[in-house]
Structures are given as C-alpha cells and as structure tokens.
$ cat query-v3.txt   # compact mmCIF, C-alpha atoms
# COMPACT_ATOMS: atom_id res chain seq x y z
CA MET S 1 -9.95 7.66 -7.53
CA LEU S 2 -10.31 10.53 -5.09
CA ILE S 3 -12.91 8.74 -2.97
CA GLY S 4 -10.77 5.60 -2.94
CA SER S 5 -7.70 7.57 -1.85
CA ILE S 6 -9.63 9.27 0.95
CA CYS S 7 -10.87 5.89 2.20
CA LEU S 8 -7.34 4.49 2.17
CA ALA S 9 -6.02 7.58 3.99
CA PHE S 10 -8.00 6.71 7.13
CA GLY S 11 -6.52 3.19 7.26
CA PRO S 12 -3.49 3.99 9.46
CA TRP S 13 -5.69 5.81 11.99
CA LEU S 14 -8.04 2.82 12.19
CA VAL S 15 -5.06 0.49 12.72
CA ARG S 16 -3.92 2.75 15.58
CA ILE S 17 -7.27 2.79 17.39
CA ALA S 18 -8.08 -0.92 16.91
CA ASP S 19 -7.76 -2.91 20.16
CA VAL S 20 -5.76 -5.72 18.52
CA ALA S 21 -2.10 -6.11 17.59
CA PRO S 22 -0.97 -4.59 14.25
CA VAL S 23 -0.67 -7.84 12.25
CA ALA S 24 -3.96 -9.05 13.74
CA SER S 25 -5.61 -5.91 12.39
CA ALA S 26 -4.19 -6.78 8.95
CA PHE S 27 -5.68 -10.29 9.22
CA TRP S 28 -9.11 -8.98 10.24
CA ARG S 29 -8.97 -6.35 7.48
CA MET S 30 -8.61 -9.10 4.88
CA SER S 31 -10.92 -11.68 6.45
CA LEU S 32 -13.80 -9.23 6.94
CA ALA S 33 -13.36 -7.95 3.38
CA ALA S 34 -13.24 -11.38 1.72
CA VAL S 35 -17.00 -12.05 1.48
CA PRO S 36 -17.97 -8.53 0.27
CA LEU S 37 -15.26 -8.69 -2.40
CA MET S 38 -16.45 -12.13 -3.52
CA LEU S 39 -20.02 -10.80 -3.80
CA LEU S 40 -18.82 -7.77 -5.80
CA ALA S 41 -16.79 -10.01 -8.09
CA ARG S 42 -19.80 -12.29 -8.60
CA GLY S 43 -21.98 -9.30 -9.42
CA THR S 44 -19.59 -8.11 -12.13
CA VAL S 45 -18.24 -11.26 -13.82
CA GLY S 46 -20.29 -14.12 -12.36
CA PRO S 47 -19.31 -16.88 -9.89
CA LEU S 48 -15.74 -16.68 -8.60
CA ARG S 49 -13.68 -19.60 -9.91
CA MET S 50 -10.28 -20.70 -8.71
CA PRO S 51 -7.66 -20.27 -11.45
CA ALA S 52 -5.66 -23.26 -12.61
CA GLY S 53 -1.96 -23.89 -13.13
CA GLY S 54 0.25 -20.85 -13.48
CA LEU S 55 -2.53 -18.42 -12.62
CA MET S 56 -3.08 -20.15 -9.27
CA LEU S 57 0.63 -19.85 -8.46
CA ALA S 58 0.59 -16.20 -9.55
CA CYS S 59 -2.34 -15.41 -7.23
CA ALA S 60 -0.59 -17.20 -4.37
CA ALA S 61 2.64 -15.27 -5.01
CA ALA S 62 0.77 -11.97 -5.23
CA ALA S 63 -1.04 -12.79 -1.97
CA LEU S 64 2.29 -13.59 -0.28
CA PHE S 65 3.73 -10.20 -1.23
CA PHE S 66 0.49 -8.41 -0.28
CA ALA S 67 0.36 -10.17 3.10
CA ALA S 68 3.99 -9.23 3.78
CA ASP S 69 3.22 -5.66 2.72
CA LEU S 70 0.27 -5.37 5.12
CA ALA S 71 2.12 -7.01 8.02
CA ALA S 72 5.15 -4.71 7.66
CA TRP S 73 3.03 -1.61 7.09
CA HIS S 74 0.72 -2.22 10.05
CA LEU S 75 3.74 -2.82 12.29
CA GLY S 76 5.26 0.40 10.95
CA ILE S 77 2.07 2.41 11.53
CA ALA S 78 2.32 1.63 15.25
CA ARG S 79 5.93 2.86 15.35
CA THR S 80 6.03 6.07 13.31
CA THR S 81 3.86 9.08 12.51
CA LEU S 82 0.74 8.65 10.38
CA ALA S 83 2.14 11.06 7.77
CA ASN S 84 5.41 9.12 7.46
CA ALA S 85 3.53 5.82 7.25
CA ALA S 86 1.49 7.09 4.29
CA LEU S 87 4.49 8.66 2.54
CA MET S 88 6.79 5.66 2.97
CA ALA S 89 4.09 3.30 1.75
CA ASN S 90 4.05 5.26 -1.52
CA GLY S 91 7.66 4.19 -2.05
CA ALA S 92 6.30 1.64 -4.52
CA SER S 93 5.73 4.60 -6.86
CA PHE S 94 9.51 4.86 -7.22
CA MET S 95 10.49 1.21 -6.79
CA LEU S 96 8.20 -0.02 -9.58
CA PRO S 97 9.63 2.31 -12.27
CA ALA S 98 13.17 1.48 -11.08
CA TYR S 99 12.42 -2.23 -11.46
CA SER S 100 10.97 -1.72 -14.95
CA TYR S 101 14.05 0.21 -16.08
CA ILE S 102 16.35 -2.54 -14.79
CA VAL S 103 14.34 -5.30 -16.50
CA SER S 104 13.99 -3.42 -19.80
CA ARG S 105 17.63 -2.27 -19.68
CA THR S 106 16.74 1.38 -20.28
CA LEU S 107 17.95 4.53 -18.58
CA PRO S 108 15.29 6.70 -16.88
CA GLY S 109 14.44 10.01 -18.53
CA ARG S 110 14.84 13.43 -16.97
CA ASN S 111 11.55 13.44 -15.03
CA VAL S 112 12.07 10.03 -13.46
CA SER S 113 15.73 10.77 -12.66
CA LEU S 114 14.75 14.00 -10.93
CA ALA S 115 11.92 12.18 -9.14
CA LEU S 116 14.31 9.54 -7.80
CA VAL S 117 16.69 12.24 -6.54
CA CYS S 118 13.84 14.11 -4.82
CA ALA S 119 12.50 10.88 -3.34
CA GLY S 120 15.92 9.92 -2.02
CA LEU S 121 16.55 13.32 -0.44
CA GLY S 122 13.04 13.52 0.99
CA THR S 123 13.22 10.02 2.46
CA ALA S 124 16.64 10.78 3.94
CA LEU S 125 15.23 13.88 5.65
CA LEU S 126 12.24 11.99 7.02
CA ILE S 127 14.29 9.02 8.24
CA GLY S 128 16.97 11.32 9.66
CA ARG S 129 14.33 13.23 11.57
CA SER S 130 12.86 9.95 12.87
CA ALA S 131 16.31 8.80 14.01
CA ASP S 132 16.72 12.07 15.93
CA VAL S 133 13.30 11.78 17.55
CA SER S 134 13.47 8.12 18.62
CA ALA S 135 14.76 4.75 17.52
CA GLN S 136 11.17 3.51 17.46
CA HIS S 137 10.21 6.04 14.78
CA LEU S 138 13.23 5.00 12.72
CA LEU S 139 12.17 1.35 12.93
CA GLY S 140 8.64 2.33 11.90
CA ASP S 141 9.90 4.22 8.85
CA LEU S 142 12.07 1.27 7.80
CA LEU S 143 9.14 -1.13 8.22
CA CYS S 144 6.96 1.11 6.03
CA LEU S 145 9.72 1.25 3.39
CA SER S 146 9.98 -2.55 3.43
CA ALA S 147 6.19 -2.66 3.01
CA ALA S 148 6.59 -0.52 -0.13
CA ALA S 149 9.14 -3.03 -1.45
CA PHE S 150 6.73 -5.93 -0.84
CA TYR S 151 3.93 -3.96 -2.51
CA THR S 152 6.17 -3.42 -5.52
CA GLY S 153 6.58 -7.19 -5.83
CA TYR S 154 2.79 -7.53 -5.62
CA LEU S 155 2.30 -4.95 -8.39
CA VAL S 156 4.88 -6.64 -10.64
CA ILE S 157 2.97 -9.93 -10.44
CA ILE S 158 -0.43 -8.27 -10.83
CA ASP S 159 0.75 -6.34 -13.87
CA ARG S 160 1.91 -9.55 -15.57
CA PHE S 161 -1.40 -11.39 -15.11
CA ARG S 162 -3.98 -8.59 -15.04
CA ARG S 163 -5.19 -9.41 -18.59
CA SER S 164 -5.94 -13.00 -17.58
CA ILE S 165 -8.13 -12.20 -14.54
CA PRO S 166 -10.47 -9.18 -14.19
CA ALA S 167 -9.61 -6.65 -11.46
CA LEU S 168 -12.29 -7.44 -8.85
CA PRO S 169 -12.00 -11.25 -9.01
CA LEU S 170 -8.21 -10.85 -8.81
CA LEU S 171 -8.51 -8.63 -5.72
CA ALA S 172 -10.95 -11.11 -4.14
CA LEU S 173 -8.62 -14.07 -4.80
CA VAL S 174 -5.57 -12.25 -3.44
CA THR S 175 -7.57 -11.34 -0.34
CA LEU S 176 -8.61 -14.97 0.19
CA PHE S 177 -5.13 -16.37 -0.42
CA SER S 178 -3.56 -13.90 2.00
CA LEU S 179 -5.58 -15.14 4.99
CA PRO S 180 -3.60 -18.35 5.72
CA MET S 181 -0.39 -16.32 5.34
CA LEU S 182 -1.40 -13.60 7.80
CA LEU S 183 -3.05 -15.87 10.38
CA PRO S 184 0.14 -17.53 11.75
CA MET S 185 1.88 -14.16 12.08
CA ALA S 186 -1.14 -12.69 13.84
CA LEU S 187 -1.36 -15.60 16.29
CA ILE S 188 2.31 -15.51 17.36
CA GLU S 189 2.46 -11.71 17.58
CA ARG S 190 2.45 -10.04 20.96
CA GLY S 191 -0.83 -8.36 21.73
CA ALA S 192 -4.52 -9.14 21.39
CA PHE S 193 -5.85 -11.18 18.49
CA TRP S 194 -9.61 -11.12 19.23
CA PRO S 195 -11.07 -7.59 19.32
CA HIS S 196 -13.51 -6.30 21.93
CA ASP S 197 -14.61 -3.45 19.68
CA TRP S 198 -15.17 -4.61 16.09
CA THR S 199 -16.05 -1.15 14.75
CA PRO S 200 -12.53 0.03 13.69
CA LEU S 201 -11.79 -3.32 12.02
CA ILE S 202 -15.09 -3.44 10.13
CA VAL S 203 -14.57 0.13 8.91
CA LEU S 204 -10.96 -0.75 8.00
CA ALA S 205 -12.07 -3.81 6.01
CA LEU S 206 -14.92 -2.09 4.17
CA GLY S 207 -13.30 1.33 3.83
CA SER S 208 -9.71 0.40 2.96
CA GLN S 209 -9.92 -3.04 1.36
CA VAL S 210 -13.35 -3.13 -0.30
CA ILE S 211 -14.16 0.49 -1.16
CA GLY S 212 -10.67 2.02 -1.18
CA GLN S 213 -8.77 -0.71 -3.02
CA GLY S 214 -11.79 -1.52 -5.20
CA LEU S 215 -12.24 2.07 -6.41
CA VAL S 216 -8.50 2.60 -6.95
CA VAL S 217 -8.17 -0.65 -8.94
CA TYR S 218 -11.11 0.42 -11.11
CA ALA S 219 -10.00 4.06 -11.52
CA VAL S 220 -6.37 3.31 -12.43
CA GLY S 221 -7.56 1.74 -15.68
CA HIS S 222 -9.48 4.88 -16.68
CA LEU S 223 -7.21 7.78 -15.68
CA LYS S 224 -3.91 9.26 -16.75
CA PRO S 225 -0.95 8.47 -14.47
CA ILE S 226 -0.53 12.11 -13.40
CA VAL S 227 -4.16 12.20 -12.19
CA VAL S 228 -3.57 9.00 -10.22
CA GLY S 229 -0.46 10.55 -8.67
CA ILE S 230 -2.24 13.73 -7.58
CA ALA S 231 -5.17 11.77 -6.12
CA LEU S 232 -2.84 9.51 -4.12
CA LEU S 233 -1.30 12.58 -2.46
CA VAL S 234 -4.55 12.96 -0.52
CA GLN S 235 -3.41 10.07 1.69
CA PRO S 236 -0.32 11.59 3.35
CA ALA S 237 -2.10 14.95 3.65
CA ILE S 238 -5.03 13.41 5.54
CA GLY S 239 -2.63 11.22 7.52
CA ALA S 240 -0.66 14.27 8.64
CA ALA S 241 -3.87 16.10 9.63
CA ILE S 242 -5.15 13.14 11.67
CA GLY S 243 -1.74 12.67 13.29
CA ALA S 244 -1.58 16.32 14.32
CA LEU S 245 -5.16 16.54 15.61
CA ARG S 246 -5.55 13.11 17.18
CA PHE S 247 -2.01 12.10 18.24
CA HIS S 248 -0.23 15.49 18.50
CA GLU S 249 2.26 14.49 15.77
CA VAL S 250 3.14 18.02 14.74
CA PRO S 251 5.69 17.95 11.88
CA GLY S 252 8.96 19.89 12.14
CA ALA S 253 10.79 21.78 9.41
CA ALA S 254 12.73 18.67 8.33
CA ASP S 255 9.49 16.65 8.14
CA ILE S 256 7.79 19.30 6.01
CA GLY S 257 10.81 19.62 3.70
CA GLY S 258 11.18 15.86 3.31
CA ALA S 259 7.46 15.41 2.68
CA ALA S 260 7.49 18.20 0.08
CA LEU S 261 10.34 16.53 -1.80
CA VAL S 262 8.50 13.18 -1.77
CA VAL S 263 5.33 14.91 -3.03
CA VAL S 264 7.30 16.47 -5.91
CA ALA S 265 8.78 13.06 -6.69
CA LEU S 266 5.35 11.40 -6.69
CA LEU S 267 4.17 13.87 -9.31
CA LEU S 268 7.29 13.73 -11.46
CA VAL S 269 7.51 9.95 -11.54
CA ARG S 270 4.04 9.73 -13.13
CA LEU S 271 4.74 12.17 -15.97
CA PRO S 272 5.03 10.26 -19.26
CA GLU S 273 8.43 10.10 -20.96
CA ARG S 274 10.59 7.63 -22.80
CA GLY S 275 13.64 6.06 -21.24
CA LYS S 276 16.95 5.67 -23.05
CA PRO S 277 18.43 2.21 -23.73
CA LEU S 278 21.23 1.16 -21.39
CA PRO S 279 24.63 0.96 -23.06
CA THR S 280 25.60 -2.58 -23.94
CA VAL S 281 28.61 -4.08 -22.22
$ encode --input "query-v3.txt" --output "structure tokens"
Amino acid sequence: MLIGSICLAFGPWLVRIADVAPVASAFWRMSLAAVPLMLLARGTVGPLRMPAGGLMLACAAAALFFAADLAAWHLGIARTTLANAALMANGASFMLPAYSYIVSRTLPGRNVSLALVCAGLGTALLIGRSADVSAQHLLGDLLCLSAAAFYTGYLVIIDRFRRSIPALPLLALVTLFSLPMLLPMALIERGAFWPHDWTPLIVLALGSQVIGQGLVVYAVGHLKPIVVGIALLVQPAIGAAIGALRFHEVPGAADIGGAALVVVALLLVRLPERGKPLPTV
C-alpha cells in the first residue's frame, strides 16, 4: 500500500513535465499500461476474457467514469498546485461514504460527521486561497474536485461488481475500455498529442497505472481502512514537497491549515463506526 501510494504521488509531477497536453497524457498513461496489465492479469487468473451482458456494460460504465476522472484531474494538475491536486483528488474518500449513507438511508456517525465538517472547512480554505492567488488555480481546484466526483462513480460501480471479476482483470478491462473514450478528447484538446520525450509518459503508465493502481487494488483487500487512509496521505505530502522544490509552490498559512483539516478528515472518515437509520417521513 505504501509503495503504491508513493508511485501514485509522483503522477501529477510527471503530468506536468510531459511534453503533451494534459488529456493526451491521460490517454498515453492508459494506452501504455494496457498491455502490461493484460499480461499481469493473464499471469494471475489466465487469459483475459471479455465479460458478457451486464458485466460488459458495468466495465464500460466504470471506464467512462475513470476516463472522465483522469481527464478532469490531468487538466486540474496543470492549473493548480501539486499539493492541492493530490488533496482534492482524495475527495472521493468523503463522497463515497456520503453516497452510501444516502442510499442506505442512514445518518453518519460522529467520526464521519466530524470528518465531513473538517473536509468542508479544509476545502473551503484551499479553494479560497486559490481564488485569492489566481482564477486559474481556482479552476484547477474545481477540476480536481470534479475528478473526485467521477472517481466516486467509478468506485460505486467497481464495488458492486468486484466479486464477479478479480481485481487485476477488472483493472485491465477498465484500462482498455477507457482508451476510445479518452482518445477523442485528447485529439481535440489544444496542445501536443504525440510526445517527443516518451520517458515521463512511460514512467507515468508503469508507475501510476500498473504498479501504483495495481498495488493499491491488491492492498485494499488485505488492510484495515485506517491503514489505507494513513498510507494515502503520503500522496499530498510528496506532492507538496515536489511542488515546493521543483515549481516553487510554497504553501501559505491558509494552505497549511486547509490541508491539515483535510488530512484529519481523511483519517476520521476511515475509522469504523455504525451509522444511525434516517428517520422515516
């Protein structure tokens, strides 16, 4: 889990230094990772087979949400700080529990309620700071938040069908299905599509999609939620360090306070507790 989180933490930096447009980097991330993921899936469960019926539609829907998540996130990475990009992308940590409480008609317990308050205040501080700095940073934060919403939709679908398809074949299929969804957006986007230097994109594909996502998908099934939450906090920490050293993105007091509140929320939201049923109307 820790190694996977570290690999994912370098993703935003690699998107920044790639010599292609943001959505194009998302397309190359997935396309270059497709074959290695298929080989890994074959090595664990045998030849990769296309699912039939409802499972095929589920994979396509999951790929649609994942493609939208990557497109929005990569666009956001180019328009905000690396630390904010990593923190906002973890918004799915709060959106997914909120969705589950709405669907199950239960009220969140004390830990989750406090986590949502901290997340809201922390996000408000970060977005407010971005609005003060520049409109571009504000747009980047909002794009990263929308990416978290798309990723929540992806997780909802994956959670429903994860018992029908093993983790690695599922990740390989989602990666394959996302390619025709990302390609049109990458082609019409302003900026370069074909890279001159393939190194950042190859490292992004292998590091973030194959190793990072692969290890996280595997580890989540073997660890307690609180351990997962702590390990994921490596990402914004590394992102902030890279941003400060490489791009001179030194955080201010509001940034530090907002990030601290989001960190507290990320830990609280993963503590186990039972929700209370919603009152009937």
$ residues_around --input "query-v3.txt" --residues "Ser31 in chain S" --least-positions-apart "3" --cutoff "9 Å" --atoms "all atoms listed in the file" --output "count of residues only"
10
$ residues_around --input "query-v3.txt" --residues "range 54-69 of chain S" --least-positions-apart "2" --cutoff "9 Å" --atoms "all atoms listed in the file" --output "ChimeraX atom specification"
/S:26-27,50-52,71-74,144,146-158,161,164-165,170,173-179,181-182
$ atom_distance --input "query-v3.txt" --atom1 "CA of Gly239 in chain S" --atom2 "CA of Ile202 in chain S"
19.4 Å
$ residues_around --input "query-v3.txt" --residues "Leu8 in chain S" --least-positions-apart "4" --cutoff "7 Å" --atoms "all atoms listed in the file" --output "list in words"
Gly4, Gly207, Ser208, Gly212 and Gln235 of chain S
$ write_last_selection --input "query-v3.txt" --atoms "C-alpha atoms" --output "short mmCIF file (atom, residue, chain, number, x, y, z; two decimals), in the coordinates of the input"
data_model
loop_
_atom_site.label_atom_id
_atom_site.label_comp_id
_atom_site.auth_asym_id
_atom_site.auth_seq_id
_atom_site.Cartn_x
_atom_site.Cartn_y
_atom_site.Cartn_z
CA GLY S 4 -10.77 5.60 -2.94
CA GLY S 207 -13.30 1.33 3.83
CA SER S 208 -9.71 0.40 2.96
CA GLY S 212 -10.67 2.02 -1.18
CA GLN S 235 -3.41 10.07 1.69
#
$ atom_distance --input "query-v3.txt" --atom1 "CA of Ala89 in chain S" --atom2 "CA of Pro166 in chain S"
24.9 Å
$ closest_residue --input "query-v3.txt" --among "S:Leu171, S:Ala253, S:Ile238, S:Leu183" --to "Leu39 in chain S" --atoms "all atoms listed in the file"
S:Leu171
$ atom_distance --input "query-v3.txt" --atom1 "CA of Gly258 in chain S" --atom2 "CA of Gly11 in chain S"
22.1 Å
$ residues_around --input "query-v3.txt" --residues "Val210 in chain S" --least-positions-apart "6" --cutoff "8 Å" --atoms "only C-alpha atoms" --output "list of chain:residue names"
S:Ala33, S:Pro36, S:Leu37
$ closest_residue --input "query-v3.txt" --among "S:Val117, S:Ile77, S:Met185, S:Ala254" --to "Arg16 in chain S" --atoms "only C-alpha atoms"
S:Ile77
